[in-house]
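Contents: one structure, followed by commentary.
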Amino acid sequence: LVAELCCIVNEQVLATELLREIGRLDTTEGSNDTGGKASGIKNIAPFISELAAVRPRVVLSNISLLLPHLDSEPYVIRSAIVNSIGHILVREDRTLMENNDDPEGSDEESKDERHVVNMTKTRSSLFDILCDRTCDITSFTRAAALKVLNDLTEKQSLPLDRIMPVTAIAIDRLQDKAVMVRRYSMQLLTSLLENNPFMGMLNPEPYREKIRELEAYLKCNIPEEILKARDTALEEAKNDESQGERERHEIESAALAAAIADAEAKKEEEALSEAESMFLAKVRALKFASQALAFTELFENSNASFQSMLMSSNSSDVTEALRFFVKAKHFGLPCAVTGTKKALALMWSNEANIQEEVLRAFIEVFVAEPGTDGKELLPENQIAQNFLDLVREANVSELASIEEALGRLVKKEIIPPDVFSVLWAIASQAKGELRASAVLVISMAASADPNIVDSAYRLQNLYDAGLGDHIEENHDWKTARSAACALQRVARAKVDPSSAKYIILDLISERLVAIARGDWCDDANVDDTNAWFCAAEQSINAIFTICPSPEKVSMEILLGHQQVIFGCSDEYSSTASTLRLARFFFVLGHIALKLLMYTEVLSSSVRRANAAKTVKKQESASAGGTDYSESKDDDDDDAIEAELGIAAQAEAETERKVAEISENEIVGRGIISLFTPMLLRVVANENGSYSSPVLMQSATLALCKCMCISKSFCEKHLSLLFSVLAKAPNDDQDLRANIVVALGDLAFRFPNELEPYTPKIYACLRDKSIRVRRHTLMVLTHLILNDMVKVKGQVCEIALCLQDNESTIRDMARLLFHELSKRTNSPIYNLLPDIVSQLSQLDLKQEVFREIMQFLLSFIKKDRQNEMLLEKLVLRFPKCTTINQKADLAYCIAQLKVNEKGIKCLNDNFKLYKDALFDEDVLKNFMSFIAKAKKNATKPETKQTLQELEEKFTECAAAGMENVNASKKAARAKKRAARRVARKKVEWEESDEEDNAEASEPEPEDYEEVDEENRPANVQAVKSEKSTTSKRRSGRSRSAGLTA
């Protein structure tokens, strides 16, 4: 209202006086005030914004009065000033454009030029303020600054020289902790793309090619004087042997830069020749292409930040990122393709709005015309080509997401039917990967609508395109795999020789059998066999889907392999091809697994038939036209059966038979059991006879599949499987990764049998291979979250994964602990003591231990858990053997939340940790705990306790340091004494050696045969003196030894 009043009054006095009053306003005392001053500040903020919207020049002329408030504490004032700057920049940009559109000058031309220069400087200063406010301390002000920049971009008021800095700022703010700031950053980036001053397509490759072309032209047309200087410098560099190719390249670059600078310095008003004009035009084109490339590379180098927004837990981040990738795809940015593929994984999100947004983005990128919001579709050929490009380089997880998105579009009938006609034509005529991709897209769509392939005509097309002579001649296993996937969408064939569908399915089955037998494989080419595995797997799946009797077809496949490998029954071969044997084991294991699944499907069919029979009886009994006596008899029979439990007994008998088949028949007494001894011999590889990695991987995988079928077979051969895992070569990471994944399946199916081997599974988390570690953590995460494995005991191994060098492993470990924290039984709280105990015994760096514990302790939210954990940590101090362990415990205590009971526990158990307070790190952590407690302390008793505890900490730390210094002095004195004793000992030994040498000299001949009594007195005195000296030295040596 006040802003409108200022607009009504013609004079600017009222608005100016109000702005002066705002400039004199003291906001330091109103920030924490809940009364009138705080509410007054909140009312002033919208006035500033509204006044700038209606009277921007008045606010601009008095902007110096408002700018000091950018350093004030209330964020509403700062945000209002930022908004007012935005209004001023929009209005003044239009004014500058109007002045530039008025070419005719007047007497005041020079004055107008000075005004334009001043306005340009002012605008630059205001933009600097806006850019600075994107790093404001408050998220609301940061968001306001980004929103203003977005508005300026949309209104095309952002100067060209500001586009690159603003883009860099927006990318940097994607890492902001506030959701609102990240949202406005993504909106700003989307607006920058839509309003970029460059061409419609921002693919960097054309710009790079253009830059190379322009640089080549400019180098060939450098002005004569610069060319002479360049040639002279190159000649000198050529004569100087110390200068190499790098120096010559620098000279050429400097010459080109000088030529460009010289061309830009020339004014257009000067009379330029045609060659100079062309050179100047090329220089401007080079500058334009370089700026466009730099703008594009800013987005390309920030692809990781954009993709991290897709993985955000906040739905608004995901939504804005999806909208950005849609715009980026329309402008041809390469990062849009990878980002869109990553976004397809969000099809499995639990939030319906995110799924809808992903589907909408999928439609806008691959199906609809750009900028039509999905209302106008692309031509059928273009849609088909987009789908082919999408699946051509997608991995397995991306293919699953693409299939889900395509299935939903088919169900909603968004994709025109003519698209699939185009795909059928491509599948029939194309070759190589294009044919395989077309068949794969058709199979994906058939998952939602089987009618796309489930007809005699379409099956004939599928037979010709995916299983025909072209596949056999070129060994196109990708197309065969895609065709087998499409066949799995077809219903099981009914035996009817007169049906065209049955006839074509019979022909298809023959082809599938040939693929599964490996009839077309090249036994001398390992890559051919590796590509065959996927096709054989999907072919066997298709056989169990469409064949009336898949068990008979499976026997035919196995016998065919046996005959090819070992020869006829008349003359068996003693040797076999390694690749043939690998293919046979692969088919053996997969058929065994499919037989188990087929048995369970038949069991479910029997149960459904019994349930349908019961429902039919109930419906006939409720019908009015049935005979009363007959109905009564049926009711009596049902009552008797229910009373005797005949139906339940029949169902239990069916389940028992299924369990009997899976336990004993498939791998126990069937045809597969004939080959299991050979399989076990190859897997054991006791003599090292089987050195082929392909054979060992195939045999081990087949053994794992057989173990998934029978509990007794699994329990019998578990030790063999773990021995193979332990002895696997270091370079064969595929074998170890396959075994780990299979162990996860075995643990899910037979948890009691796998429980004793759980530590060996955890040990794979220390494997050198990233792939093995990732697979192991993925398997353990799946088992732990499904309560199939107990985490107590080896959880330290998973905690160490939080500091793994691979980011995917770190993220997966974090995800596991996040999911555990959501459970009601507080598993992380129960596991923390074991984690602290085991981690403290390992030789870890202090930073690693503390980062792990900081993450885990953040999940301890309840006061009771903090109290109990604090007590457990304090009681662990006497058990520590090193001061580093005590420092780590003190760090864990400092991370816990503080309450009165925790302070009391720390005070009562002071004697347990007082001896460690001399260490600077321990004291710092305890002081941090005390400082945190003082902030939350309200009672005088608690404050007094904290004060006393702090004083005790200080006193014990000082006393402890004195004791440590004294101990160090005593140790040094002891070392010096030991060195002195050792030196004296060496001197005494040298002296003894001299005495022994003297004693060994011969006696005079005159006294040799004289008796002791008759020996002269002087000789006896010398001998007595030597004996006394020797005894004294011997005593000193013994005393020195005791001292040492």
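Each chain of the structure tokens is named A, B, ... in the order shown, its residues numbered from 1; ligands are numbered from 1 in display order.
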Could you pull the residues within 9 Å of A:Asn786, counting only C-alpha atoms, minus those fewer than 4 positions along the same chain, as number ranges by chain? A: 748, 781-782
With distances taken over only C-alpha atoms, which of A:Val740, A:Leu256, A:Leu377, A:Ala321 is nearest to A:Thr700? A:Val740
From the options A:Met180, A:Ile557, A:Ala445, A:Leu869, which residue's atoms come nearest to A:Ala536, counting only C-alpha atoms? A:Ile557
When distances are computed from only C-alpha atoms, which of A:Leu783, A:Val58, A:Ala576, A:Lys934 shows the smallest separation from A:Leu19?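 Of A:Leu783, A:Val58, A:Ala576, A:Lys934, the one nearest A:Leu19, counting only C-alpha atoms, is A:Val58.
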Extract, using only C-alpha atoms, all DNA, RNA and protein residues at most 12 Å from A:Phe926, discarding same-chain residues fewer than 2 positions from it, and format them as a ChimeraX atom specification. /A:874,886-896,898,903,906-907,910,913-914,916-924,928-933,946,949-954,957
Mind dumping the selected residues with C-alpha atoms as a PDB file, in the first residue's frame?
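Wrote it out as out-v8.pdb, contents follow:
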ATOM      1  CA  VAL A 874      33.295 -45.476  29.693  1.00  0.00           C
ATOM      2  CA  LYS A 886      41.411 -44.455  24.680  1.00  0.00           C
ATOM      3  CA  ALA A 887      41.483 -41.405  22.407  1.00  0.00           C
ATOM      4  CA  ASP A 888      39.125 -43.169  19.978  1.00  0.00           C
ATOM      5  CA  LEU A 889      36.729 -44.006  22.817  1.00  0.00           C
ATOM      6  CA  ALA A 890      36.801 -40.385  23.945  1.00  0.00           C
ATOM      7  CA  TYR A 891      35.980 -39.308  20.398  1.00  0.00           C
ATOM      8  CA  CYS A 892      32.960 -41.652  20.340  1.00  0.00           C
ATOM      9  CA  ILE A 893      31.766 -40.195  23.666  1.00  0.00           C
ATOM     10  CA  ALA A 894      32.089 -36.660  22.268  1.00  0.00           C
ATOM     11  CA  GLN A 895      29.774 -37.572  19.363  1.00  0.00           C
ATOM     12  CA  LEU A 896      26.903 -38.660  21.629  1.00  0.00           C
ATOM     13  CA  VAL A 898      24.288 -34.975  26.178  1.00  0.00           C
ATOM     14  CA  ILE A 903      26.853 -36.239  32.806  1.00  0.00           C
ATOM     15  CA  LEU A 906      30.751 -39.482  33.329  1.00  0.00           C
ATOM     16  CA  ASN A 907      31.212 -38.008  36.822  1.00  0.00           C
ATOM     17  CA  PHE A 910      35.787 -40.562  36.535  1.00  0.00           C
ATOM     18  CA  TYR A 913      39.442 -42.722  32.475  1.00  0.00           C
ATOM     19  CA  LYS A 914      41.316 -40.117  34.537  1.00  0.00           C
ATOM     20  CA  ALA A 916      44.163 -41.002  30.062  1.00  0.00           C
ATOM     21  CA  LEU A 917      43.461 -37.284  30.442  1.00  0.00           C
ATOM     22  CA  PHE A 918      47.128 -36.380  30.068  1.00  0.00           C
ATOM     23  CA  ASP A 919      46.769 -37.072  26.332  1.00  0.00           C
ATOM     24  CA  GLU A 920      45.864 -33.921  24.427  1.00  0.00           C
ATOM     25  CA  ASP A 921      43.428 -35.705  22.093  1.00  0.00           C
ATOM     26  CA  VAL A 922      41.565 -37.409  24.957  1.00  0.00           C
ATOM     27  CA  LEU A 923      41.287 -34.169  26.898  1.00  0.00           C
ATOM     28  CA  LYS A 924      40.055 -32.267  23.831  1.00  0.00           C
ATOM     29  CA  SER A 928      34.085 -30.977  23.726  1.00  0.00           C
ATOM     30  CA  PHE A 929      31.547 -33.113  25.557  1.00  0.00           C
ATOM     31  CA  ILE A 930      31.549 -30.675  28.491  1.00  0.00           C
ATOM     32  CA  ALA A 931      31.129 -27.648  26.194  1.00  0.00           C
ATOM     33  CA  LYS A 932      28.180 -29.317  24.485  1.00  0.00           C
ATOM     34  CA  ALA A 933      26.662 -30.133  27.872  1.00  0.00           C
ATOM     35  CA  LEU A 946      29.953 -29.665  34.869  1.00  0.00           C
ATOM     36  CA  LEU A 949      34.093 -32.044  36.216  1.00  0.00           C
ATOM     37  CA  GLU A 950      35.920 -29.559  34.015  1.00  0.00           C
ATOM     38  CA  GLU A 951      38.215 -28.587  36.889  1.00  0.00           C
ATOM     39  CA  LYS A 952      38.975 -32.265  37.574  1.00  0.00           C
ATOM     40  CA  PHE A 953      39.767 -32.763  33.908  1.00  0.00           C
ATOM     41  CA  THR A 954      42.222 -29.863  33.986  1.00  0.00           C
ATOM     42  CA  ALA A 957      45.571 -33.569  32.769  1.00  0.00           C
TER      43      ALA A 957
END
Just give me the gap between atom CA of A:Ser840 and atom CA of A:Asp908 in Å, one decimal is fine.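 The value is 24.7 Å.
With only C-alpha atoms as the basis for measurement, A:Cys335 is the residue among A:Asp26, A:Cys335, A:Leu51, A:Arg392 that approaches A:Pro204 most closely.
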